[in-house]
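Next comes entry-v4.csv, a file with CSV, N, CA and C atoms.
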```csv
chain,number,residue,atom,x,y,z
Z,1,MET,N,-14.7,-180.5,-142.9
Z,1,MET,CA,-15.1,-180.3,-144.2
Z,1,MET,C,-16.6,-180.6,-144.3
Z,2,TYR,N,-17.3,-179.7,-145.0
Z,2,TYR,CA,-18.8,-179.8,-145.2
Z,2,TYR,C,-19.1,-180.8,-146.3
Z,3,ALA,N,-20.3,-181.4,-146.2
Z,3,ALA,CA,-20.7,-182.4,-147.2
Z,3,ALA,C,-20.8,-181.8,-148.6
Z,4,THR,N,-21.2,-180.5,-148.7
Z,4,THR,CA,-21.3,-179.9,-150.0
Z,4,THR,C,-20.0,-179.7,-150.6
Z,5,GLN,N,-19.0,-179.4,-149.8
Z,5,GLN,CA,-17.6,-179.2,-150.3
Z,5,GLN,C,-17.1,-180.5,-150.8
Z,6,ALA,N,-17.4,-181.6,-150.1
Z,6,ALA,CA,-16.9,-182.9,-150.5
Z,6,ALA,C,-17.6,-183.3,-151.8
Z,7,LEU,N,-18.9,-183.0,-152.0
Z,7,LEU,CA,-19.6,-183.3,-153.2
Z,7,LEU,C,-19.1,-182.5,-154.4
Z,8,THR,N,-18.7,-181.3,-154.2
Z,8,THR,CA,-18.2,-180.5,-155.3
Z,8,THR,C,-16.9,-181.0,-155.9
Z,9,HIS,N,-16.2,-181.7,-155.0
Z,9,HIS,CA,-14.9,-182.4,-155.6
Z,9,HIS,C,-15.3,-183.6,-156.4
Z,10,LEU,N,-16.4,-184.2,-156.1
Z,10,LEU,CA,-16.8,-185.4,-156.9
Z,10,LEU,C,-17.6,-185.1,-158.2
Z,11,VAL,N,-18.1,-183.9,-158.3
Z,11,VAL,CA,-18.9,-183.6,-159.5
Z,11,VAL,C,-18.1,-183.7,-160.8
Z,12,PRO,N,-16.9,-183.2,-160.8
Z,12,PRO,CA,-16.1,-183.3,-162.1
Z,12,PRO,C,-15.9,-184.8,-162.5
Z,13,LEU,N,-15.7,-185.6,-161.5
Z,13,LEU,CA,-15.5,-187.1,-161.8
Z,13,LEU,C,-16.8,-187.7,-162.4
Z,14,ALA,N,-17.9,-187.3,-161.8
Z,14,ALA,CA,-19.2,-187.8,-162.3
Z,14,ALA,C,-19.6,-187.2,-163.7
Z,15,ALA,N,-19.1,-186.0,-163.9
Z,15,ALA,CA,-19.4,-185.3,-165.2
Z,15,ALA,C,-18.8,-186.0,-166.4
Z,16,GLU,N,-17.7,-186.7,-166.2
Z,16,GLU,CA,-17.0,-187.4,-167.3
Z,16,GLU,C,-17.8,-188.6,-167.7
Z,17,GLU,N,-18.5,-189.2,-166.8
Z,17,GLU,CA,-19.3,-190.4,-167.1
Z,17,GLU,C,-20.8,-190.1,-167.4
Z,18,LEU,N,-21.2,-188.9,-167.2
Z,18,LEU,CA,-22.6,-188.5,-167.3
Z,18,LEU,C,-23.0,-188.4,-168.8
Z,19,ASP,N,-24.1,-189.2,-169.1
Z,19,ASP,CA,-24.6,-189.1,-170.4
Z,19,ASP,C,-25.6,-187.9,-170.5
Z,20,LYS,N,-25.4,-186.9,-171.3
Z,20,LYS,CA,-26.2,-185.7,-171.3
Z,20,LYS,C,-27.6,-186.0,-171.9
Z,21,ASN,N,-27.8,-187.1,-172.6
Z,21,ASN,CA,-29.1,-187.4,-173.1
Z,21,ASN,C,-29.9,-188.2,-172.2
Z,22,LYS,N,-29.4,-188.6,-171.0
Z,22,LYS,CA,-30.1,-189.4,-170.1
Z,22,LYS,C,-30.3,-188.7,-168.8
Z,23,VAL,N,-31.5,-188.6,-168.3
Z,23,VAL,CA,-31.7,-187.9,-167.0
Z,23,VAL,C,-32.3,-188.9,-166.1
Z,24,THR,N,-31.7,-189.0,-164.9
Z,24,THR,CA,-32.2,-189.9,-163.9
Z,24,THR,C,-32.4,-189.1,-162.6
Z,25,PRO,N,-33.3,-189.6,-161.7
Z,25,PRO,CA,-33.5,-188.9,-160.4
Z,25,PRO,C,-32.3,-189.0,-159.5
Z,26,GLY,N,-31.6,-190.1,-159.6
Z,26,GLY,CA,-30.5,-190.3,-158.7
Z,26,GLY,C,-30.8,-190.6,-157.3
Z,27,VAL,N,-29.8,-190.4,-156.5
Z,27,VAL,CA,-29.9,-190.8,-155.0
Z,27,VAL,C,-30.8,-189.8,-154.3
Z,28,LEU,N,-30.7,-188.5,-154.7
Z,28,LEU,CA,-31.5,-187.5,-154.0
Z,28,LEU,C,-33.0,-187.7,-154.3
Z,29,GLY,N,-33.3,-188.1,-155.5
Z,29,GLY,CA,-34.7,-188.4,-155.9
Z,29,GLY,C,-35.2,-189.6,-155.1
Z,30,PHE,N,-34.4,-190.6,-154.9
Z,30,PHE,CA,-34.8,-191.8,-154.2
Z,30,PHE,C,-35.0,-191.4,-152.7
Z,31,LEU,N,-34.1,-190.6,-152.1
Z,31,LEU,CA,-34.3,-190.2,-150.7
Z,31,LEU,C,-35.5,-189.4,-150.5
Z,32,VAL,N,-35.9,-188.5,-151.4
Z,32,VAL,CA,-37.1,-187.7,-151.3
Z,32,VAL,C,-38.3,-188.6,-151.4
Z,33,PHE,N,-38.3,-189.6,-152.3
Z,33,PHE,CA,-39.4,-190.5,-152.5
Z,33,PHE,C,-39.6,-191.4,-151.3
Z,34,ALA,N,-38.4,-191.9,-150.7
Z,34,ALA,CA,-38.5,-192.7,-149.5
Z,34,ALA,C,-39.0,-191.9,-148.3
Z,35,ALA,N,-38.6,-190.7,-148.2
Z,35,ALA,CA,-39.1,-189.8,-147.1
Z,35,ALA,C,-40.6,-189.6,-147.2
Z,36,LEU,N,-41.1,-189.4,-148.4
Z,36,LEU,CA,-42.5,-189.2,-148.6
Z,36,LEU,C,-43.3,-190.5,-148.3
Z,37,ALA,N,-42.7,-191.6,-148.7
Z,37,ALA,CA,-43.4,-192.9,-148.5
Z,37,ALA,C,-43.5,-193.2,-147.0
Z,38,VAL,N,-42.4,-192.9,-146.2
Z,38,VAL,CA,-42.4,-193.1,-144.8
Z,38,VAL,C,-43.4,-192.1,-144.1
Z,39,GLY,N,-43.4,-190.9,-144.6
Z,39,GLY,CA,-44.4,-189.9,-144.1
Z,39,GLY,C,-45.8,-190.3,-144.3
Z,40,VAL,N,-46.1,-190.8,-145.5
Z,40,VAL,CA,-47.5,-191.3,-145.7
Z,40,VAL,C,-47.8,-192.5,-144.9
Z,41,TRP,N,-46.9,-193.4,-144.7
Z,41,TRP,CA,-47.1,-194.6,-143.9
Z,41,TRP,C,-47.4,-194.2,-142.4
Z,42,ALA,N,-46.6,-193.2,-141.9
Z,42,ALA,CA,-46.8,-192.8,-140.5
Z,42,ALA,C,-48.2,-192.1,-140.4
Z,43,LEU,N,-48.6,-191.3,-141.4
Z,43,LEU,CA,-49.9,-190.6,-141.3
Z,43,LEU,C,-51.0,-191.6,-141.3
Z,44,MET,N,-50.9,-192.6,-142.2
Z,44,MET,CA,-52.0,-193.6,-142.2
Z,44,MET,C,-52.1,-194.4,-141.0
Z,45,LYS,N,-50.9,-194.7,-140.4
Z,45,LYS,CA,-50.9,-195.5,-139.1
Z,45,LYS,C,-51.6,-194.6,-138.0
Z,46,SER,N,-51.2,-193.4,-138.0
Z,46,SER,CA,-51.8,-192.5,-137.0
Z,46,SER,C,-53.3,-192.3,-137.2
Z,47,MET,N,-53.8,-192.2,-138.5
Z,47,MET,CA,-55.2,-192.1,-138.8
Z,47,MET,C,-55.9,-193.3,-138.3
Z,48,ASN,N,-55.4,-194.5,-138.6
Z,48,ASN,CA,-56.0,-195.7,-138.2
Z,48,ASN,C,-56.2,-195.8,-136.7
Z,49,ARG,N,-55.2,-195.4,-135.9
Z,49,ARG,CA,-55.2,-195.3,-134.5
Z,49,ARG,C,-56.3,-194.4,-134.0
Z,50,HIS,N,-56.4,-193.2,-134.6
Z,50,HIS,CA,-57.4,-192.2,-134.2
Z,50,HIS,C,-58.8,-192.7,-134.6
Z,51,MET,N,-59.0,-193.3,-135.7
Z,51,MET,CA,-60.3,-193.8,-136.1
Z,51,MET,C,-60.8,-194.9,-135.2
Z,52,GLY,N,-59.8,-195.7,-134.7
Z,52,GLY,CA,-60.2,-196.8,-133.8
Z,52,GLY,C,-60.7,-196.2,-132.4
Z,53,ARG,N,-60.3,-195.0,-132.1
Z,53,ARG,CA,-60.8,-194.4,-130.8
Z,53,ARG,C,-62.1,-193.7,-130.9
Z,54,VAL,N,-62.6,-193.5,-132.1
Z,54,VAL,CA,-63.9,-192.8,-132.3
Z,54,VAL,C,-65.0,-193.6,-131.8
Z,55,ASN,N,-65.8,-193.0,-130.9
Z,55,ASN,CA,-67.0,-193.6,-130.4
Z,55,ASN,C,-68.2,-192.8,-130.9
Z,56,PHE,N,-68.8,-193.2,-132.0
Z,56,PHE,CA,-69.9,-192.4,-132.6
Z,56,PHE,C,-71.2,-193.1,-132.4
Z,57,GLU,N,-72.2,-192.4,-131.8
Z,57,GLU,CA,-73.5,-192.8,-131.8
Z,57,GLU,C,-74.4,-191.8,-132.5
Z,58,GLU,N,-75.1,-192.3,-133.5
Z,58,GLU,CA,-75.9,-191.4,-134.3
Z,58,GLU,C,-77.2,-191.0,-133.5
Z,59,ALA,N,-77.5,-189.7,-133.6
Z,59,ALA,CA,-78.7,-189.2,-132.9
Z,59,ALA,C,-80.0,-189.9,-133.6
Z,60,PRO,N,-81.0,-190.2,-132.8
Z,60,PRO,CA,-82.2,-190.8,-133.4
Z,60,PRO,C,-82.9,-189.8,-134.3
Z,61,ASP,N,-83.5,-190.3,-135.4
Z,61,ASP,CA,-84.2,-189.5,-136.4
Z,61,ASP,C,-85.5,-189.0,-135.7
Z,62,PRO,N,-85.7,-187.7,-135.7
Z,62,PRO,CA,-86.9,-187.1,-135.1
Z,62,PRO,C,-88.2,-187.7,-135.6
Z,63,ASP,N,-88.2,-187.9,-136.9
Z,63,ASP,CA,-89.4,-188.5,-137.5
Z,63,ASP,C,-89.7,-189.9,-137.1
Z,64,ALA,N,-88.7,-190.7,-136.9
Z,64,ALA,CA,-88.8,-192.1,-136.4
Z,64,ALA,C,-89.2,-192.1,-135.0
Z,65,VAL,N,-88.7,-191.2,-134.2
Z,65,VAL,CA,-89.1,-191.1,-132.7
Z,65,VAL,C,-90.5,-190.7,-132.6
Z,66,ALA,N,-91.0,-189.7,-133.4
Z,66,ALA,CA,-92.4,-189.3,-133.3
Z,66,ALA,C,-93.3,-190.4,-133.8
Z,67,ALA,N,-92.9,-191.2,-134.8
Z,67,ALA,CA,-93.8,-192.2,-135.3
Z,67,ALA,C,-93.7,-193.5,-134.5
Z,68,GLY,N,-92.7,-193.7,-133.7
Z,68,GLY,CA,-92.5,-194.9,-132.9
Z,68,GLY,C,-93.5,-195.0,-131.8
Z,69,PRO,N,-93.8,-194.1,-130.9
Z,69,PRO,CA,-94.8,-194.3,-129.9
Z,69,PRO,C,-96.2,-194.4,-130.4
Z,70,ALA,N,-96.5,-193.7,-131.5
Z,70,ALA,CA,-97.9,-193.8,-132.1
Z,70,ALA,C,-98.0,-195.2,-132.7
Z,71,GLY,N,-97.0,-195.7,-133.3
Z,71,GLY,CA,-97.1,-197.0,-133.9
Z,71,GLY,C,-97.2,-198.1,-132.8
Z,72,ASP,N,-96.6,-197.9,-131.6
Z,72,ASP,CA,-96.7,-198.9,-130.5
Z,72,ASP,C,-98.1,-198.9,-129.9
Z,73,GLN,N,-98.7,-197.7,-129.8
Z,73,GLN,CA,-100.0,-197.6,-129.2
Z,73,GLN,C,-101.0,-198.3,-130.1
Z,74,GLY,N,-100.8,-198.1,-131.4
Z,74,GLY,CA,-101.8,-198.7,-132.4
Z,74,GLY,C,-101.7,-200.2,-132.3
Z,75,LYS,N,-100.6,-200.8,-132.1
Z,75,LYS,CA,-100.4,-202.2,-132.0
Z,75,LYS,C,-101.0,-202.8,-130.7
Z,76,ALA,N,-100.9,-202.0,-129.6
Z,76,ALA,CA,-101.5,-202.5,-128.4
Z,76,ALA,C,-103.0,-202.4,-128.4
Z,77,ALA,N,-103.5,-201.5,-129.1
Z,77,ALA,CA,-105.0,-201.3,-129.1
Z,77,ALA,C,-105.7,-202.2,-130.2
Z,78,SER,N,-104.9,-202.9,-131.0
Z,78,SER,CA,-105.5,-203.7,-132.0
Z,78,SER,C,-106.3,-204.8,-131.4
Z,79,PRO,N,-107.5,-205.2,-132.0
Z,79,PRO,CA,-108.4,-206.2,-131.4
Z,79,PRO,C,-107.8,-207.6,-131.4
Z,80,GLY,N,-106.8,-207.9,-132.2
Z,80,GLY,CA,-106.3,-209.3,-132.3
Z,80,GLY,C,-105.5,-209.6,-131.1
Z,81,LYS,N,-105.0,-208.7,-130.3
Z,81,LYS,CA,-104.1,-209.1,-129.2
Z,81,LYS,C,-104.7,-208.9,-127.9
```

Whole structure given in structure tokens:
Amino acid sequence: MYATQALTHLVPLAAEELDKNKVTPGVLGFLVFAALAVGVWALMKSMNRHMGRVNFEEAPDPDAVAAGPAGDQGKAASPGK
């Protein structure tokens, strides 16, 4: 017997107690929410693992590299040293 067939036998029993003015997500809504929560948790865990493996070194600024040697030469040629 399939699960859908078993549930169709239970629907008339639930319909007698069902308040037509009250709508709730029920078990299916909870299962969908729980599945989404577990999926988000797994994605965040994976992202943290991948971000920990990133080895990023920023390239030096070309303006700072060009100004660096000129600034060093100026300091070495100063009369105070």

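With CA of Val32 in chain Z on one side and CA of Met51 in chain Z on the other, the separation reads 28.4 Å.
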
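Computed from the coordinates, the atom C of Val27 in chain Z to CA of Met47 in chain Z distance equals 29.0 Å.
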
Check your understanding: Quick one, how far is atom N of Gly52 in chain Z from CA of Val40 in chain Z?
Key ->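 The value is 17.1 Å.
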